[in-house]
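Before any comments, here is the structure.
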Amino acid sequence: MKSFLQKRAVASAISLAGLIVLVFFLSRLTGDPTTLYLPVDASLESREQFRELHGLNDPLIVQFGSYLSDLARLDFGDSIRRSEPALDAVLRAFVWTLQLAVITMSLVTVMAIIVGSLAAFHVGGVFDRIATFFSLIGASAPDFWIAIVAIVLFSVNLGWVPTSGTGTVWHWVLPVAVLFIRPFGLILQVVRGSMITVLSSAYVKTARAKGVRNRAIIFVHGLRNAMLPVITVIGDQAAALLNGAVVVETVFGFPGVGKLMIDSILQRDFTVVLAAIFVTAVAIFIMNIIIDIIYAVLDPRIRY
Amino acid sequence: MTHIYGRAAAILLASTIAGQAVAQDTGVTVVLSEELDLVDPCMSSRSNIGRVVQQNVAETLTENFPEEGLQPRLATSWEDMGDGKWRFSLREGVTFHDGSAFTAGDVAHSIARTVGDQIVCENGAKFFGGMTLTTEVVDDLTIDITADPAQPILPLLMSTLTVVPSETPMDSFVDTPIGTGPYTFDEYAVGQHIKLSAFDGYWGDTPEVTDATYVFRSDSAVRTAMVQTGEADIAPNIALQDATNPEMDFSYPNSETVYLRLDHEIAPLDDVRVRKALNHAVDREAFIGTVLADGTLLATGMTPPSTLGYNDELEPFAYDPDQAKALLEEAAADGVPVDTEIKLVGRVNNWGNVLETMEALLQMFQDVGFNMELEMNEVATWDEYYSKPFADDRGPIIVASQHDNAKGDPVFSMYFKYNSEGLQSGIKDEKTDTLMAQATAATGDEREALWRELFTHLHEDVVADVMLFHMVGFSRVNPRLDFTPSIKTNSELQLAQISFK
């Protein structure tokens with residue numbers, strides 16, 4: 001396992017280094033940020049002063065060398081937009097995204113496994129049809145539309161929860177609910193499909209013939225073997241959330257890393273873009289390692 | 001069971017008390033369209049920073065009102081000493097939020113910081129470019145400010161300069177601004193909210209609003225929903241399609257003017273007949289109430305009608321496609337290459353429905369015979385067309401732009417837009433330069449008359465641009481407030497001007 005982790009860490013570090021080089025040069029290709037930060041009426045002198053202050057007049061290769069030497073000290077530089085260390089801005093936002101992702105994916109995982117397993121047990125039954133119908137709608141409905149409709153219905157018309165923002169537990173209800181819908185629909189379908197395969201296998205039939213109770217068949221014997229593809233999809237969905245739920249963060253005013261990254265790209269705040277990519281890449285690397293470990297726990301045949 | 005009834009009664013009582021607390025609440029919540037990157041007072045010419053900081057936290061020496069004109073704020077009077085020097089007498093008994101006394105030294109420091117080169121302050125870049133300011137502290141409450149070249153409107157320019165204590169660092173932006181305003185800056189939870197509260201030591205009248213919370217939502221529908229549900233009290237700058245509640249929604253001129261900048265150096269735009277044809281080709285009225293809001297005004301000049309010297313008597317060019325075609329034919333007969341392809345350049349997200357506006361304009365130009373293509377760009381690429389230096393090998397280019405002037409005087413616009421050396425000027429016209437210099441140097445009625453003459457000259461003789469619209473903005477206000485948004489809401493939101501019904 002130790003050797004496996006070392007290999008994965010080296011491979012991830014190489015990927016990350018390549019990514020940072022690529023993003024550094026690609027982001028610079030988007031142009032000079034001066035016009036975005038200064039008013040269009042700003043004089044040529046002011047524009048020149050801005051470029052000089054932020055090192056934008058240096059040749060690109062000099063900027064890159066300077067960036068690498070700072071990065072060696074884990075100094076990502078200061079945000080042009082916010083006038084603070086880029087890493088501080090990213091980590092502050094990432095904490096919000098991480099909370100949102102953990103809460104949402106925990107709920108999604110538990111609910112999708114329970115509902116998907118029960119749906120698979122009576123394929124074609126009423127419960128299966130209802131679950132399939134709503135999961136397909138959930139997996140295909142656009143986040144933005146659901147978010148606005150949820151605000152109008154539950155906040156404006158019914159007054160049950162706040163429209164947006166942070167501060168109380170009630171502020172989390174709508175963002176988590178909206179984020180929940182799509183991965184829930186998707187993972188439920190994977191659980192259902194995987195469970196149908198497992199429940200038709202010989203060892204499950206044997207268990208049934210021996211009179212093992214349904215609950216034990218589903219959640220003890222069936223689920224463990226059905227979980228490997230499910231874990232893969234959960235990991236994929238969690239990675240998407242760790243990259244930031246841009247639409248939900250934007251609509252509900254959640255100060256997460258997705259919105260920060262999009263704003264920084266649009267504003268050409270290069271240091272923040274690179275810091276955000278670094279932090280999310282490291283988080284996804286760690287998550288993938290955890291998933292690999294879970295594989296090994298669930299299936300003793302898998303050894304690293 | 002008694003215990004249960006007791007708890008129910010306690011909850012009811014608590015709800016009642018909470019309800020009363022809400023009814024007596026003298027705090028307000030303002031929902032802004034974007035999170036503030038910076039809160040430094042020297043960046044207050046950015047709309048949302050200005051709405052939080054300007055005159056609430058940090059004040060200016062003077063203050064300009066559309067109706068009353070220039071009024072004292074931290075300066076009580078000012079006098080032209082000649083040769084570009086102005087003497088400002090400062091208000092006595094003013095203290096900063098940190099308890100230090102407000103003196104002329106603070107004004108000198110604020111000026112040096114705003115126009116200095118250690119940080120790029122937007123107020124300095126926007127209002128004090130192309131001039132050198134020097135200060136001389138006469139005594140604690142008197143300061144001489146000299147502008148080179150001389151600025152007859154220096155007192156007006158001082159309505160843009162926010163004053164901070166002399167301890168404020170020269171080489172970095174502050175994240176907890178200190179000023180002399182009626183509110184102290186208490187907290188900025190980045191990504192969540194900003195909180196201000198009334199300053200006990202304020203020199204002026206005690207405002208009714210005791211504290212304010214600013215939150216940030218980029219979606220206009222969410223901002224309006226927040227006011228609708230009572231979560232917020234004011235949502236400045238909401239979208240046209242969300243301004244659906246006549247009891248809460250206000251429209252007002254937002255000081256923005258939309259126009260098409262013509263490049264007079266390149267044929268066929270160098271011919272006045274072609275420029276007139278462009279103007280006659282546009283059915284301006286057709287936009288209002290369709291892709292643009294009702295209440296949008298037709299423009300004949302670069303600044304809003306409330307600006308000094310704006311000539312109300314000028315008529316927008318009539319929509320007359322036949323005359324446009326005739327003008328083009330006449331120009332073509334004289335050898336003007338009217339069939340040259342013209343690039344019409346727009347900027348994404350420049351104003352609401354900008355793409356629809358640009359596509360309609362393109363169609364109107366093509367209908368009268370112009371050979372034109374539309375190019376929509378994000379701001380940086382767009383600015384390469386809009387601002388000098390222009391490309392030497394360029395073809396004929398028309399750039400759509402929206403310009404903001406809420407300061408009440410054309411000087412903030414005209415040099416950039418029409419002077420031969422102006423950063424975004426498409427013309428080089430000697431008479432325009434002369435009139436501009438004269439108007440800038442003049443004061444009072446003479447100044448107004450000269451600006452008026454310049455507006456007329458640009459519109460009727462030069463036909464400098466295709467002037468289009470003076471835009472309107474929308475804000476939603478909770479009915480519990482006695483507050484009417486105005487043209488100034490575009491750049492500031494003075495909490496002290498808000499009261500409760």
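Lettering and numbering for the structure tokens are positional, with chains as A, B, ... in the shown order, residues counted from 1 in each chain, and ligands counted from 1 in the shown order.
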Find the residues around Phe317 (chain B) up to 12 Å (only C-alpha atoms counted), leave out those fewer than 5 positions away in its own chain, and share them as a PyMOL selection string.
chain B and resi 275-285+298-301+323-324+459-460+463+465-468
Per residue of chain B within 8 Å of chain A, which atom pair is closest and at what distance in Å (one decimal), using only C-alpha atoms, listed by chain and increasing number, as a tab-separated table?
residue	atom	partner	partner_atom	distance
B:Asp37	CA	A:Arg82	CA	4.7
B:Leu38	CA	A:Arg82	CA	5.8
B:Asp117	CA	A:Gln49	CA	6.8
B:Gln118	CA	A:Leu53	CA	7.8
B:Ile119	CA	A:Leu53	CA	7.7
B:Val120	CA	A:Phe50	CA	6.2
B:Glu122	CA	A:Leu38	CA	6.4
B:Ala125	CA	A:Ala42	CA	5.0
B:Lys126	CA	A:Ala42	CA	5.2
B:Gly129	CA	A:Ser43	CA	5.7
B:Gly130	CA	A:Ser43	CA	7.2
B:Phe173	CA	A:Ser83	CA	7.2
B:Gly191	CA	A:Pro255	CA	4.8
B:Gln192	CA	A:Thr166	CA	6.9
B:Val215	CA	A:Gly165	CA	8.0
B:Phe216	CA	A:Gly253	CA	6.5
B:Arg217	CA	A:Gly253	CA	5.2
B:Ser218	CA	A:Thr250	CA	6.4
B:Asp219	CA	A:Val251	CA	5.8
B:Ala221	CA	A:Ile148	CA	7.7
B:Val222	CA	A:Val251	CA	6.8
B:Ala225	CA	A:Val156	CA	6.4
B:Met226	CA	A:Thr163	CA	6.4
B:Gln228	CA	A:Val156	CA	7.0
B:Thr229	CA	A:Val156	CA	5.7
B:Glu231	CA	A:Pro162	CA	7.6
B:Val379	CA	A:Leu36	CA	6.9
B:Ala380	CA	A:Thr35	CA	5.7
B:Asp383	CA	A:Thr35	CA	7.1
B:Ser387	CA	A:Val40	CA	7.8
B:Phe416	CA	A:Asp41	CA	6.5
B:Leu423	CA	A:Asp41	CA	7.1
B:Gln424	CA	A:Asp41	CA	7.8
Write down as a PyMOL selection string the residues of region 46-281 of chain A whose backbone DSSP state falls under helix (DSSP H, G or I).
chain A and resi 46-53+60-71+86-121+126-140+143-157+169-199+202-209+214-242+246-252+257-266+270-281
Residue contacts of region 57-64 of chain A (9 Å, only C-alpha atoms) excluding same-chain residues fewer than 5 positions away, as a ChimeraX atom specification:
/A:21,24-25,28,48,51-52,69
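Computed from the coordinates, the CA of Pro396 (chain B) to CA of Glu315 (chain B) distance equals 26.6 Å.
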From B:Ser306, B:Ser110, B:Gln241, B:Thr290, residue lying nearest Gly408 (chain B) [only C-alpha atoms]:
B:Ser306
Mind checking which residues fall within 12 Å of Pro169 (chain B), counting only C-alpha atoms, ignoring those fewer than 6 positions away in the same chain, and posting them as number ranges by chain?
B: 40, 42, 109-110, 112-114, 116, 118-119, 175-178
